[in-house]
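Novice: Mind having a look at this structure? Questions to follow.
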Amino acid sequence: MAFSDLWPDTLLLLLAALAIEAAVGYPQRLYARIGHPVTWIGALIAGLDRRLNRETAGFAARKAAGVAALLILLAVTLAGALALTALCRLLGPAGLLPLALLASTLLAQRSLHEHVAAVAQGLETGGLTEGRKAVSMIVGRNPDSLDEAGVSRAAIESLSENFSDGVVAPAFWLGAAGLPGIIIYKAINTADSMIGHRTPRHLAFGWASARLDDLVNLPASRLTALLIVAAAALDRDADAAGAWRAVRRDANRHRSPNAGWPEAAMAGALGLRLAGPRIYGDVTVEDGWMGDGRAEATAADVRRSLRLYRKACGLLWGLAGCGALIALLLSRG
């Protein structure tokens, strides 16, 4: 069966998965009992890291071991995804529901909104102390180095970047290739987050994971920027033209080939300046500024970013629905 024959099914699957995740998320009780698919993938990555990443080996050997670890990870997760898809398809049209339930666990619309909203809530009710505590749950930088504006910017930056790699990218690959697409994407993204760092242990071993993650996130980061620009056009308190200008001017200034696109769009839409130099642990990371607005962000700006995020998610749903309808019509033509 050609991929073009699958697209009506995968886009309907995407719509169902988005709806389920937005409605119920991933229940905390279920997480406490069995964990989460990403934690299972993470356990496999950690095991491969322990077994294959030998510190006594040379740079080239560790780089080759990292490639091997990535191939093993992809083979295992793809086999599992294909098996689950085959089992669900045995149910005929009714198999859409279990497939959507499985896929919904790998989307993060609801949880991302909740975590970022908690930062705004912390700043509003508990001041800087509670804001720092809430933002430490979603960013890796040193929260003690952040003032209120820094906490607010960190929350908005996290919302922007994670909208891309926690919502749009998995949705993109789910719509393109069904359950195998989203599971493979999450495996790559999780590997990058665990071993794709420029540390002495992972500079060589995590090279392949980091480069592949950059590649698979490329289409979604651009799409995310466009969704934010479009959402800004629907919000009278946002600046769509400013968002577009910031993307064109600043997106490529970011040290990440992908994160700058949604961050620049959000900065321009809200009239803010995001990114720039940041402190992770005791290390200051120099980065380009996204946007040319004010740097003094507030909890109210976090709320504004969440409003844009909700509208952008709605636009993503609309794209999936239109795509499913068009693909269905083309497949029957």
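Going by the structure tokens order, chains are called A, B, ..., each with residues numbered from 1, while ligands are numbered from 1 in the order shown.
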So which residues touch range 7-23 of chain A within 8 Å, counting only C-alpha atoms, skipping near sequence neighbours fewer than 2 positions away, as an NGL selection string?
Specialist: :A and (3-5 or 25-26 or 96-97 or 99-101 or 103-105 or 107-110 or 171 or 174-178 or 317 or 320-321 or 323-325 or 327-328 or 331)
Novice: Run DSSP on the backbone and give me the residues of range 104-330 of chain A it puts in alpha helix (DSSP H), as a VMD selection string.
Specialist: chain A and resid 104 109 to 135 148 to 163 169 to 195 207 to 233 240 to 250 260 to 270 299 to 330
Novice: Quick one: residues within 10 Å of Leu159 in chain A, only C-alpha atoms counted, chain neighbours fewer than 2 positions away excluded, as a list in words?
Specialist: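 Contacts, in chain order: Leu112, His113, His115, Val116, Ala117, Ile138, Arg153, Ala154, Ala155, Ile156, Glu157, Glu161, Asn162, Phe163, Ser164, Gly166, Pro262, Glu263, Met266, Val302, Ser305, Leu306 and Tyr309 of chain A.
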Novice: One decimal, Å: what's the distance from CA of Asn252 in chain A over to CA of Trp207 in chain A, could you say?
Specialist: 21.0 Å
Novice: Near range 63-76 of chain A, counting only C-alpha atoms, which residues have an atom at most 9 Å away, once you skip same-chain residues fewer than 4 positions from it, shown as a PyMOL selection string?
Specialist: chain A and resi 41+44-45+48-49+52-54+58-59+80-81+184+187-188+191+202-209
Novice: What is the CA of Val38 in chain A to CA of Arg211 in chain A distance in Å?
Specialist: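 Calculated distance between CA of Val38 in chain A and CA of Arg211 in chain A is 19.7 Å.
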